[in-house]
>>> print(open('model-v8.cif').read())   # mmCIF, C-alpha atoms and all ligand atoms
data_upload
loop_
_atom_site.label_atom_id
_atom_site.label_comp_id
_atom_site.auth_asym_id
_atom_site.auth_seq_id
_atom_site.Cartn_x
_atom_site.Cartn_y
_atom_site.Cartn_z
CA MET A 1 32.64 8.66 -22.17
CA ASN A 2 30.55 5.52 -22.12
CA GLN A 3 31.34 3.84 -18.85
CA GLN A 4 31.48 0.06 -18.90
CA LEU A 5 30.40 -1.10 -15.48
CA ASN A 6 30.58 -4.59 -14.15
CA ILE A 7 27.18 -4.63 -12.54
CA SER A 8 25.14 -7.53 -11.32
CA PHE A 9 21.42 -7.17 -10.76
CA THR A 10 19.89 -9.03 -7.89
CA GLN A 11 16.16 -8.42 -8.13
CA ASN A 12 13.82 -11.08 -9.34
CA THR A 13 12.73 -10.15 -12.83
CA ASN A 14 10.55 -13.15 -13.61
CA CYS A 15 7.18 -11.89 -12.52
CA GLU A 16 4.38 -14.21 -13.56
CA LYS A 17 1.40 -12.31 -12.14
CA ALA A 18 0.37 -9.16 -13.89
CA ASP A 19 0.34 -7.14 -10.68
CA ILE A 20 3.83 -8.12 -9.52
CA PHE A 21 5.45 -5.13 -11.13
CA PRO A 22 7.36 -2.50 -9.21
CA TYR A 23 5.39 0.76 -9.43
CA ILE A 24 7.73 3.73 -9.92
CA GLY A 25 6.74 7.43 -9.92
CA ILE A 26 8.79 10.19 -11.57
CA PHE A 27 8.53 13.59 -9.89
CA GLY A 28 10.15 16.99 -10.36
CA ARG A 29 9.52 20.54 -11.41
CA LYS A 30 7.97 21.50 -14.74
CA ASN A 31 10.43 21.06 -17.60
CA SER A 32 12.94 19.14 -15.43
CA GLY A 33 12.84 16.34 -18.01
CA LYS A 34 10.49 13.84 -16.32
CA SER A 35 8.90 12.63 -19.56
CA SER A 36 12.29 12.54 -21.34
CA PHE A 37 13.68 10.56 -18.40
CA ILE A 38 11.00 7.88 -18.76
CA ASN A 39 11.79 7.52 -22.44
CA ALA A 40 15.52 7.40 -21.76
CA ILE A 41 15.49 4.68 -19.10
CA THR A 42 12.96 2.51 -20.93
CA ASN A 43 14.41 3.02 -24.44
CA GLN A 44 10.92 4.01 -25.60
CA GLU A 45 9.30 7.14 -26.97
CA PHE A 46 5.90 7.00 -25.36
CA ALA A 47 5.96 9.94 -22.93
CA PRO A 48 5.32 13.20 -24.85
CA ILE A 49 8.11 15.76 -24.47
CA SER A 50 8.01 19.48 -25.04
CA LYS A 51 10.20 22.55 -24.69
CA VAL A 52 7.18 24.26 -23.17
CA ALA A 53 7.11 23.91 -19.38
CA GLY A 54 3.96 22.29 -18.01
CA SER A 55 3.25 20.03 -20.99
CA THR A 56 2.37 16.94 -18.90
CA LYS A 57 -0.96 17.87 -17.35
CA GLU A 58 -2.32 14.46 -16.33
CA PRO A 59 -0.39 11.61 -14.71
CA GLY A 60 0.60 9.08 -17.40
CA LYS A 61 0.90 5.38 -16.64
CA TYR A 62 3.22 3.20 -18.71
CA ILE A 63 3.58 -0.55 -18.46
CA THR A 64 7.03 -1.21 -19.76
CA THR A 65 10.43 -2.77 -19.14
CA ILE A 66 13.64 -1.39 -17.75
CA GLU A 67 16.63 -3.39 -18.87
CA ASN A 68 18.07 -5.39 -15.94
CA ILE A 69 15.07 -4.67 -13.70
CA GLY A 70 12.29 -6.21 -15.76
CA ASN A 71 8.65 -5.25 -16.07
CA VAL A 72 7.67 -2.05 -14.32
CA ILE A 73 4.80 0.39 -14.16
CA ILE A 74 6.03 3.97 -14.46
CA TYR A 75 3.99 7.06 -13.69
CA ASP A 76 4.80 10.35 -15.41
CA THR A 77 3.53 13.39 -13.49
CA SER A 78 3.01 17.12 -13.86
CA GLY A 79 5.38 19.60 -12.20
CA ILE A 80 5.57 19.74 -8.40
CA ASP A 81 6.07 23.51 -8.69
CA ASP A 82 2.73 24.04 -10.46
CA TYR A 83 0.56 26.87 -9.08
CA GLY A 84 -2.84 28.53 -9.39
CA GLU A 85 -6.17 26.78 -9.05
CA ALA A 86 -5.61 24.38 -11.97
CA GLY A 87 -1.99 23.84 -10.91
CA GLU A 88 -3.05 22.88 -7.38
CA LYS A 89 -5.50 20.35 -8.84
CA ARG A 90 -2.70 18.89 -10.96
CA ILE A 91 -0.47 18.65 -7.86
CA GLN A 92 -3.26 16.77 -6.06
CA LYS A 93 -3.43 14.31 -8.98
CA THR A 94 0.33 13.85 -8.76
CA LYS A 95 -0.02 13.17 -5.04
CA SER A 96 -2.75 10.59 -5.60
CA ILE A 97 -0.05 8.43 -7.19
CA LEU A 98 1.85 8.25 -3.91
CA LYS A 99 -0.54 5.62 -2.56
CA LYS A 100 0.26 3.35 -5.49
CA ILE A 101 4.01 3.48 -5.95
CA ASP A 102 6.82 1.42 -4.43
CA PHE A 103 9.60 3.80 -5.38
CA ALA A 104 10.01 7.45 -6.38
CA ILE A 105 12.56 9.19 -8.58
CA LEU A 106 12.84 12.92 -7.91
CA LEU A 107 14.41 14.87 -10.76
CA ILE A 108 16.17 18.13 -10.02
CA THR A 109 18.12 20.42 -12.33
CA ASP A 110 20.68 23.18 -11.74
CA ASN A 111 21.32 21.95 -8.17
CA LEU A 112 17.94 23.35 -7.16
CA PHE A 113 16.53 21.56 -4.14
CA ALA A 114 14.16 24.01 -2.47
CA GLU A 115 10.65 24.13 -0.96
CA SER A 116 8.89 22.20 -3.80
CA GLU A 117 11.39 19.35 -3.52
CA LYS A 118 11.29 19.34 0.29
CA LYS A 119 7.49 19.20 0.21
CA ILE A 120 7.32 16.18 -2.10
CA VAL A 121 10.03 14.43 -0.08
CA ARG A 122 7.90 14.94 3.05
CA ASP A 123 5.07 13.24 1.14
CA PHE A 124 7.37 10.34 0.21
CA GLN A 125 8.21 9.98 3.88
CA THR A 126 4.54 10.10 4.91
CA PHE A 127 3.80 7.25 2.53
CA ALA A 128 7.01 5.39 3.42
CA ILE A 129 8.22 5.51 -0.18
CA PRO A 130 11.96 5.04 -0.75
CA PHE A 131 13.35 7.48 -3.32
CA ILE A 132 16.43 8.53 -5.24
CA VAL A 133 17.30 12.06 -6.38
CA VAL A 134 18.53 12.50 -9.95
CA GLN A 135 20.14 15.70 -11.15
CA ASN A 136 18.94 15.68 -14.77
CA LYS A 137 20.33 17.75 -17.64
CA SER A 138 23.84 17.09 -16.33
CA ASP A 139 25.11 17.83 -19.86
CA LEU A 140 24.25 21.46 -19.01
CA GLN A 141 25.04 21.50 -15.28
CA GLY A 142 26.56 18.74 -13.16
CA ILE A 143 25.68 18.10 -9.54
CA SER A 144 27.71 20.14 -7.05
CA SER A 145 29.38 18.17 -4.29
CA ILE A 146 27.71 20.42 -1.68
CA THR A 147 24.17 19.82 -3.00
CA LYS A 148 24.86 16.10 -3.30
CA SER A 149 26.19 15.68 0.23
CA GLN A 150 23.49 17.93 1.79
CA ILE A 151 20.66 15.92 0.22
CA GLU A 152 22.29 12.54 0.89
CA LYS A 153 22.90 13.41 4.56
CA ALA A 154 19.48 14.94 5.17
CA TYR A 155 17.47 12.17 3.56
CA LEU A 156 19.74 9.12 3.70
CA THR A 157 19.34 8.63 -0.01
CA LYS A 158 21.52 8.84 -3.11
CA VAL A 159 21.94 11.66 -5.59
CA ILE A 160 22.99 10.66 -9.10
CA GLU A 161 23.58 12.88 -12.09
CA PHE A 162 22.08 11.96 -15.44
CA SER A 163 21.45 13.38 -18.86
CA CYS A 164 18.56 12.27 -21.02
CA LEU A 165 20.35 13.72 -24.04
CA LYS A 166 23.62 11.91 -23.29
CA PRO A 167 22.57 8.96 -21.14
CA THR A 168 26.07 7.58 -20.54
CA LYS A 169 25.36 6.92 -16.85
CA LYS A 170 22.24 4.90 -17.53
CA ASN A 171 23.65 1.56 -16.30
CA GLU A 172 24.88 3.14 -13.09
CA LEU A 173 21.50 4.75 -12.48
CA ILE A 174 19.51 1.59 -13.20
CA PHE A 175 21.85 -0.32 -10.89
CA GLU A 176 21.10 2.10 -8.03
CA ILE A 177 17.33 1.98 -8.68
CA SER A 178 17.46 -1.81 -8.78
CA ASN A 179 19.27 -1.92 -5.44
CA MET A 180 16.94 0.55 -3.79
CA LEU A 181 13.66 -1.04 -4.93
CA PRO A 182 12.12 -2.60 -1.82
CA ALA A 183 11.47 -6.35 -1.81
CA GLU A 184 7.75 -5.52 -1.32
CA ALA A 185 7.72 -4.09 -4.86
CA PHE A 186 8.11 -7.61 -6.22
CA LYS A 187 5.24 -9.04 -4.20
CA THR A 188 1.62 -9.16 -5.26
CA LYS A 189 -0.39 -5.99 -4.67
CA SER A 190 -3.58 -7.95 -4.84
CA LEU A 191 -5.75 -8.38 -1.74
CA LEU A 192 -6.61 -11.97 -2.55
CA GLY A 193 -4.19 -12.80 -5.37
CA ASP A 194 -2.31 -15.34 -3.25
CA LEU A 195 -5.48 -17.15 -2.34
CA VAL A 196 -7.66 -17.33 -5.42
CA LYS A 197 -7.33 -18.70 -8.94
CA THR A 198 -8.76 -17.59 -12.29
CA ASN A 199 -12.48 -18.45 -12.57
CA ASP A 200 -12.86 -19.29 -8.87
CA VAL A 201 -16.40 -18.58 -7.69
CA ILE A 202 -16.18 -16.39 -4.58
CA LEU A 203 -19.33 -15.81 -2.56
CA LEU A 204 -19.57 -12.43 -0.88
CA VAL A 205 -22.26 -12.37 1.77
CA THR A 206 -23.64 -9.05 2.94
CA GLN A 207 -25.81 -8.12 5.85
CA ASP A 208 -29.46 -7.48 5.11
CA GLU A 209 -30.18 -3.78 4.76
CA THR A 210 -30.70 -1.77 7.89
CA ASP A 211 -32.75 1.41 8.13
CA ILE A 212 -29.62 3.35 9.03
CA SER A 213 -27.91 3.44 5.66
CA ASP A 214 -28.81 3.13 1.98
CA GLN A 215 -25.27 2.03 1.28
CA ILE A 216 -25.27 -1.77 1.32
CA LEU A 217 -21.68 -2.46 0.34
CA THR A 218 -18.94 -1.18 2.62
CA PHE A 219 -15.72 0.28 1.28
CA THR A 220 -13.91 -2.95 2.16
CA GLN A 221 -16.45 -5.08 0.32
CA ILE A 222 -16.13 -2.92 -2.80
CA GLU A 223 -12.33 -3.16 -2.66
CA ILE A 224 -12.48 -6.93 -2.34
CA ALA A 225 -14.94 -7.26 -5.24
CA ASN A 226 -12.68 -5.08 -7.43
CA ASP A 227 -9.73 -7.25 -6.55
CA LEU A 228 -11.60 -10.44 -7.40
CA ILE A 229 -12.60 -9.08 -10.81
CA LYS A 230 -8.96 -8.09 -11.46
CA ASN A 231 -7.97 -11.66 -10.62
CA ALA A 232 -10.52 -12.98 -13.16
CA CYS A 233 -12.59 -14.61 -10.42
CA ILE A 234 -16.37 -14.82 -10.39
CA PRO A 235 -17.67 -12.84 -7.40
CA ILE A 236 -21.28 -13.51 -6.41
CA PHE A 237 -23.02 -11.30 -3.89
CA SER A 238 -25.82 -12.50 -1.66
CA LYS A 239 -27.69 -10.97 1.24
CA LEU A 240 -27.88 -13.26 4.24
CA SER A 241 -31.66 -13.56 3.86
CA GLU A 242 -31.22 -14.74 0.22
CA LEU A 243 -28.30 -17.06 0.88
CA LYS A 244 -30.28 -20.30 0.74
CA LYS A 245 -31.75 -19.39 -2.67
CA THR A 246 -28.38 -18.16 -3.94
CA LEU A 247 -26.73 -21.45 -3.06
CA GLU A 248 -29.50 -23.39 -4.78
CA LYS A 249 -28.92 -21.39 -7.97
CA ILE A 250 -25.13 -21.64 -8.22
CA PRO A 251 -24.07 -25.00 -9.65
CA ILE A 252 -20.68 -25.31 -7.92
CA SER A 253 -19.54 -24.69 -4.35
CA PRO A 254 -17.71 -21.40 -3.89
CA ALA A 255 -13.92 -21.71 -3.57
CA LEU A 256 -14.15 -19.13 -0.78
CA THR A 257 -17.00 -17.43 1.05
CA ILE A 258 -16.48 -14.07 2.75
CA ALA A 259 -18.93 -12.76 5.33
CA PRO A 260 -19.09 -9.95 7.88
CA ALA A 261 -17.92 -11.19 11.31
CA THR A 262 -21.27 -10.21 12.81
CA ILE A 263 -23.19 -12.79 10.72
CA TYR A 264 -20.37 -15.28 10.21
CA SER A 265 -21.94 -17.96 12.40
CA ASP A 266 -25.30 -17.63 10.58
CA VAL A 267 -23.55 -17.94 7.22
CA ALA A 268 -21.48 -20.94 8.34
CA LEU A 269 -24.69 -22.87 9.05
CA TYR A 270 -25.31 -23.14 5.30
CA PHE A 271 -22.02 -24.93 4.58
CA PRO A 272 -20.27 -28.16 5.54
CA SER A 273 -17.44 -27.65 8.07
CA THR A 274 -14.75 -28.11 5.38
CA THR A 275 -15.91 -25.08 3.36
CA MET A 276 -13.52 -22.11 3.36
CA ILE A 277 -15.28 -19.16 5.00
CA THR A 278 -13.56 -16.06 6.26
CA THR A 279 -14.47 -12.48 7.13
CA TYR A 280 -13.91 -9.24 5.21
CA GLY A 281 -11.89 -7.90 8.14
CA ILE A 282 -9.54 -10.88 8.17
CA VAL A 283 -8.93 -10.51 4.41
CA MET A 284 -7.84 -6.91 5.02
CA ALA A 285 -5.80 -7.79 8.11
CA HIS A 286 -4.00 -10.46 6.09
CA TYR A 287 -3.23 -8.03 3.29
CA LYS A 288 -2.04 -5.15 5.45
CA GLY A 289 0.71 -7.09 7.14
CA GLY A 290 2.08 -8.43 10.41
CA PHE A 291 -0.41 -11.24 9.94
CA GLU A 292 1.71 -14.20 11.02
CA LYS A 293 2.54 -12.66 14.41
CA SER A 294 -1.02 -11.39 14.90
CA LEU A 295 -2.33 -14.83 14.12
CA SER A 296 -0.25 -16.57 16.77
CA ASP A 297 -0.55 -13.73 19.31
CA THR A 298 -4.34 -13.52 19.20
CA ARG A 299 -4.71 -16.61 21.40
CA LYS A 300 -2.61 -14.90 24.12
CA ILE A 301 -5.66 -12.81 24.92
CA ASP A 302 -6.60 -15.76 27.16
CA THR A 303 -3.57 -15.12 29.40
CA LEU A 304 -4.53 -11.53 30.29
CA LYS A 305 -5.12 -10.83 33.98
CA GLU A 306 -7.39 -8.41 35.85
CA GLY A 307 -5.94 -4.88 35.59
CA ASP A 308 -3.55 -5.63 32.69
CA HIS A 309 -2.83 -2.73 30.34
CA ILE A 310 -3.99 -2.85 26.73
CA LEU A 311 -2.89 -0.35 24.09
CA ILE A 312 -5.42 0.27 21.32
CA LEU A 313 -3.87 1.87 18.25
CA GLN A 314 -6.35 3.67 16.03
CA LEU A 315 -5.02 3.65 12.46
CA SER A 316 -7.62 5.96 10.99
CA ASN A 317 -8.56 9.60 11.35
CA ASP A 318 -11.89 9.23 9.58
CA HIS A 319 -14.55 9.49 12.29
CA THR A 320 -17.32 8.82 9.77
CA CYS A 321 -16.19 5.35 8.75
CA PRO A 322 -18.05 2.61 10.62
CA GLU A 323 -14.82 0.81 11.54
CA PHE A 324 -13.71 3.88 13.51
CA LYS A 325 -16.01 2.70 16.31
CA GLU A 326 -14.05 -0.54 16.68
CA GLN A 327 -11.94 1.19 19.32
CA ASN A 328 -14.95 1.32 21.67
CA GLU A 329 -16.26 -2.13 20.78
CA LEU A 330 -12.94 -3.75 21.68
CA GLN A 331 -13.16 -2.95 25.38
CA ILE A 332 -16.67 -4.38 25.65
CA LEU A 333 -15.75 -7.45 23.60
CA ILE A 334 -12.61 -8.30 25.57
CA ASP A 335 -13.92 -7.51 29.08
CA GLY A 336 -17.07 -9.47 28.28
CA TYR A 337 -15.15 -12.46 26.94
CA LEU A 338 -12.60 -12.60 29.78
CA ASN A 339 -15.05 -11.48 32.46
CA LYS A 340 -12.28 -9.23 33.81
CA LYS A 341 -11.70 -5.50 33.95
CA LEU A 342 -8.64 -4.40 31.98
CA ASN A 343 -7.08 -0.94 31.55
CA TYR A 344 -7.27 0.44 28.01
CA SER A 345 -5.22 3.30 26.54
CA LEU A 346 -6.26 4.63 23.17
CA ILE A 347 -3.78 6.29 20.82
CA ASN A 348 -4.62 7.66 17.40
CA ILE A 349 -1.41 7.43 15.43
CA PHE A 350 -2.38 10.52 13.41
CA ASP A 351 -2.43 12.62 16.60
CA SER A 352 0.36 11.20 18.74
CA PRO A 353 3.48 9.12 18.31
CA ILE A 354 3.29 5.47 19.32
CA PRO A 355 4.37 5.37 23.00
CA ASP A 356 6.86 2.98 24.56
CA ILE A 357 4.88 -0.22 24.53
CA LYS A 358 6.82 -2.00 27.30
CA LYS A 359 4.21 -1.17 29.93
CA TYR A 360 1.44 -2.87 27.95
CA GLN A 361 0.55 -6.54 28.04
CA PHE A 362 -1.22 -6.47 24.66
CA VAL A 363 -1.39 -4.14 21.65
CA ILE A 364 -4.39 -4.11 19.30
CA PHE A 365 -4.69 -1.99 16.18
CA CYS A 366 -8.01 -1.03 14.68
CA GLY A 367 -9.79 1.46 12.40
CA CYS A 368 -10.66 1.46 8.73
CA PHE A 369 -7.10 0.91 7.69
CA HIS A 370 -6.63 4.23 5.95
CA LEU A 371 -2.93 3.61 6.08
CA THR A 372 -1.36 1.95 3.08
CA LYS A 373 0.32 -1.42 3.40
CA LYS A 374 3.70 0.33 3.35
CA GLN A 375 2.69 2.81 6.04
CA ILE A 376 1.47 0.01 8.27
CA ALA A 377 4.72 -1.87 7.75
CA ASN A 378 6.64 1.28 8.55
CA GLN A 379 4.64 2.25 11.65
CA LEU A 380 4.03 -1.17 13.09
CA SER A 381 7.07 -3.24 12.17
CA PRO A 382 9.03 -1.94 15.21
CA LEU A 383 6.12 -3.17 17.36
CA PHE A 384 5.97 -6.54 15.63
CA ALA A 385 9.68 -6.97 16.40
CA LYS A 386 9.01 -6.59 20.17
CA ASN A 387 8.09 -9.38 22.49
CA ILE A 388 4.64 -8.00 23.28
CA PRO A 389 1.56 -9.69 21.86
CA ILE A 390 -0.02 -7.68 19.08
CA SER A 391 -3.10 -8.31 17.01
CA SER A 392 -5.83 -6.55 15.07
CA PHE A 393 -9.47 -5.84 15.86
CA ASP A 394 -10.63 -8.32 13.26
CA LEU A 395 -8.64 -11.24 14.62
CA ILE A 396 -9.57 -10.47 18.24
CA ASN A 397 -13.20 -10.02 17.22
CA ALA A 398 -13.14 -13.40 15.46
CA PHE A 399 -11.47 -15.00 18.49
CA VAL A 400 -13.95 -13.79 21.08
CA LYS A 401 -16.84 -14.73 18.80
CA GLY A 402 -15.47 -18.28 18.57
CA ILE A 403 -14.99 -18.14 14.79
CA PHE A 404 -11.22 -17.51 14.74
CA GLU A 405 -10.04 -21.06 14.01
CA ARG A 406 -12.33 -21.62 11.06
CA ALA A 407 -12.16 -18.09 9.62
CA THR A 408 -8.34 -18.11 9.49
CA ILE A 409 -7.97 -21.53 7.80
CA PRO A 410 -7.86 -20.02 4.26
CA PHE A 411 -4.74 -18.05 5.24
CA LYS A 412 -2.79 -20.94 6.71
CA THR A 413 -0.55 -22.49 4.08
N1 LIG A 501 19.95 19.49 -22.34
C1 LIG A 501 19.05 18.64 -21.87
N2 LIG A 501 17.75 18.84 -22.16
C2 LIG A 501 16.86 17.96 -21.66
C3 LIG A 501 17.25 16.84 -20.89
N3 LIG A 501 16.15 16.16 -20.52
C4 LIG A 501 15.10 16.82 -21.07
N4 LIG A 501 15.52 17.89 -21.75
C5 LIG A 501 14.69 18.87 -22.47
O1 LIG A 501 13.92 19.58 -21.51
C6 LIG A 501 12.63 19.93 -22.07
C7 LIG A 501 11.53 19.40 -21.17
O2 LIG A 501 11.54 17.99 -21.20
P1 LIG A 501 10.30 17.13 -20.73
O3 LIG A 501 10.73 15.74 -20.70
O4 LIG A 501 9.08 17.49 -21.52
O5 LIG A 501 10.16 17.70 -19.25
P2 LIG A 501 9.00 17.44 -18.19
O6 LIG A 501 9.59 17.48 -16.83
O7 LIG A 501 8.25 16.21 -18.55
O8 LIG A 501 8.13 18.72 -18.40
P3 LIG A 501 6.56 18.97 -18.02
O9 LIG A 501 5.78 17.78 -18.46
O10 LIG A 501 6.25 20.17 -18.81
O11 LIG A 501 6.52 19.22 -16.55
C8 LIG A 501 12.60 19.29 -23.46
O12 LIG A 501 12.95 20.30 -24.40
C9 LIG A 501 13.68 18.23 -23.41
O13 LIG A 501 14.27 17.94 -24.66
C10 LIG A 501 18.66 16.65 -20.63
O14 LIG A 501 19.09 15.72 -19.97
N5 LIG A 501 19.49 17.59 -21.15
MG MG A 502 6.29 15.90 -19.02
#
>>> encode(input="model-v8.cif", output="structure tokens", more="lines below")
Ligand SMILES: Nc1nc2c(ncn2[C@@H]2O[C@H](COP(=O)(O)OP(=O)(O)OP(=O)(O)O)[C@@H](O)[C@H]2O)c(=O)[nH]1
Ligand SMILES: [Mg+2]
Amino acid sequence: MNQQLNISFTQNTNCEKADIFPYIGIFGRKNSGKSSFINAITNQEFAPISKVAGSTKEPGKYITTIENIGNVIIYDTSGIDDYGEAGEKRIQKTKSILKKIDFAILLITDNLFAESEKKIVRDFQTFAIPFIVVQNKSDLQGISSITKSQIEKAYLTKVIEFSCLKPTKKNELIFEISNMLPAEAFKTKSLLGDLVKTNDVILLVTQDETDISDQILTFTQIEIANDLIKNACIPIFSKLSELKKTLEKIPISPALTIAPATIYSDVALYFPSTTMITTYGIVMAHYKGGFEKSLSDTRKIDTLKEGDHILILQLSNDHTCPEFKEQNELQILIDGYLNKKLNYSLINIFDSPIPDIKKYQFVIFCGCFHLTKKQIANQLSPLFAKNIPISSFDLINAFVKGIFERATIPFKT
């Protein structure tokens, strides 16, 4: 029976920017109907389907539309129950999608929710991805009330039955997906998309080479350059020692200049005081979230007293990344700036849970931001809701170096 539902859809569907699409991943065992499901909910035929289990071997990405949701990017994946050396590699490729998506749809069939499903759900939780469970092939086997209530209770999600062959419950399903899509999914995923316009010239200043490393561009600088190219900007790189000549050669002033905090003051000397100059770290801090509170709390560093307790939260477990050392720099920077001795506690959030922060007078997070924007929101939003000042290494670093006011101007609307 074709159910007529009186459903209203609340999400904004008028996305102007190309990257303001919800990113949705479809997961499930081999042959559970993942590719068929994509075709069914988008009314398209682009995902190849086969009776043979394991036919989707590479993640597929489709830019399409779901009626009543709007433009979306959907990822098709290979089976979560794959095995063997090649199968494990395929599972890793499926998992690489987790960093990109805003929402996951986990297909099950025959009421089977076992280790493979539990594993992928743990991954959803790690990446703070909301998800819905869909019992597909319901024309062959409906969802049992026990399976439905067990999953819904254990994971605080919804279980819906669906059939790609007889998609009578399509409206109901799309309504649930629409309601569960997080508001974040409709915001820009661009690092600088809110700040820059097409054809803006953006000057990216780098440190002069050191003997220590052949690698001139840091991971952050590469990410920012990628983002600028995606936004159809014109990124121009210049070493500090070449900056004068670079500026002589470019005919218009850059809309924005980005420099490492360590050479910010040297770079600023080349520009009038009205020029927008920020740091790579502040761009990342702005993107990753909690920025408004961090921005206003940073100044409270001036109110800290001798012996106050500071909690440093390390957000990375990569000891090789240069930003990992920020945790040690912070103590020297702050004690030096305040000319006081404070008590620092260091917690790596990969090793230990975040402690009760009431006993601290200030919380600072640092590291190379290996967490995704969603993970940061998930881990840190309870802290941002508390009445304790919180900021990031990059903002504190800018503050104690006396560049905070100028370097944050581009982010103040
Ligand atoms: N009866 C029934 N068959 C379905 C349904 N959905 C998919 N199928 C069939 O199940 C088989 C597998 O479908 P696919 O969409 O290729 O499944 P998949 O999960 O993408 O499979 P892999 O890519 O191999 O992991 C095909 O023969 C489909 O026609 C459904 O709702 N009901
Ligand atoms: Mg498939």
>>> closest_residue(input="model-v8.cif", among="A:Leu195, A:Ala40, A:Ile222, A:Ala128", to="A:Lys412", atoms="all atoms listed in the file")
A:Leu195
>>> closest_residue(input="model-v8.cif", among="A:Ile66, A:Cys164, A:Val133, A:Val159", to="ligand LIG 501 (chain A)", atoms="all atoms listed in the file")
A:Cys164
>>> residues_near_ligand(input="model-v8.cif", ligand="ligand LIG 501 (chain A)", cutoff="6 Å", atoms="all atoms listed in the file", output="MDAnalysis selection string")
chainID A and resid 30:36 49:51 53:56 78:79 136:137 139:140 163:165
>>> write_last_selection(input="model-v8.cif", atoms="C-alpha atoms", output="mmCIF file, keeping the file's coordinate frame")
data_model
loop_
_atom_site.group_PDB
_atom_site.id
_atom_site.type_symbol
_atom_site.label_atom_id
_atom_site.label_comp_id
_atom_site.auth_asym_id
_atom_site.auth_seq_id
_atom_site.Cartn_x
_atom_site.Cartn_y
_atom_site.Cartn_z
ATOM 1 C CA LYS A 30 7.970 21.500 -14.740
ATOM 2 C CA ASN A 31 10.430 21.060 -17.600
ATOM 3 C CA SER A 32 12.940 19.140 -15.430
ATOM 4 C CA GLY A 33 12.840 16.340 -18.010
ATOM 5 C CA LYS A 34 10.490 13.840 -16.320
ATOM 6 C CA SER A 35 8.900 12.630 -19.560
ATOM 7 C CA SER A 36 12.290 12.540 -21.340
ATOM 8 C CA ILE A 49 8.110 15.760 -24.470
ATOM 9 C CA SER A 50 8.010 19.480 -25.040
ATOM 10 C CA LYS A 51 10.200 22.550 -24.690
ATOM 11 C CA ALA A 53 7.110 23.910 -19.380
ATOM 12 C CA GLY A 54 3.960 22.290 -18.010
ATOM 13 C CA SER A 55 3.250 20.030 -20.990
ATOM 14 C CA THR A 56 2.370 16.940 -18.900
ATOM 15 C CA SER A 78 3.010 17.120 -13.860
ATOM 16 C CA GLY A 79 5.380 19.600 -12.200
ATOM 17 C CA ASN A 136 18.940 15.680 -14.770
ATOM 18 C CA LYS A 137 20.330 17.750 -17.640
ATOM 19 C CA ASP A 139 25.110 17.830 -19.860
ATOM 20 C CA LEU A 140 24.250 21.460 -19.010
ATOM 21 C CA SER A 163 21.450 13.380 -18.860
ATOM 22 C CA CYS A 164 18.560 12.270 -21.020
ATOM 23 C CA LEU A 165 20.350 13.720 -24.040
#
>>> closest_residue(input="model-v8.cif", among="A:Ala377, A:Ile151, A:Ala268, A:Ile97", to="A:Glu117", atoms="all atoms listed in the file")
A:Ile151
>>> atom_distance(input="model-v8.cif", atom1="atom CA of A:Thr220", atom2="atom CA of A:Thr198")
21.2 Å
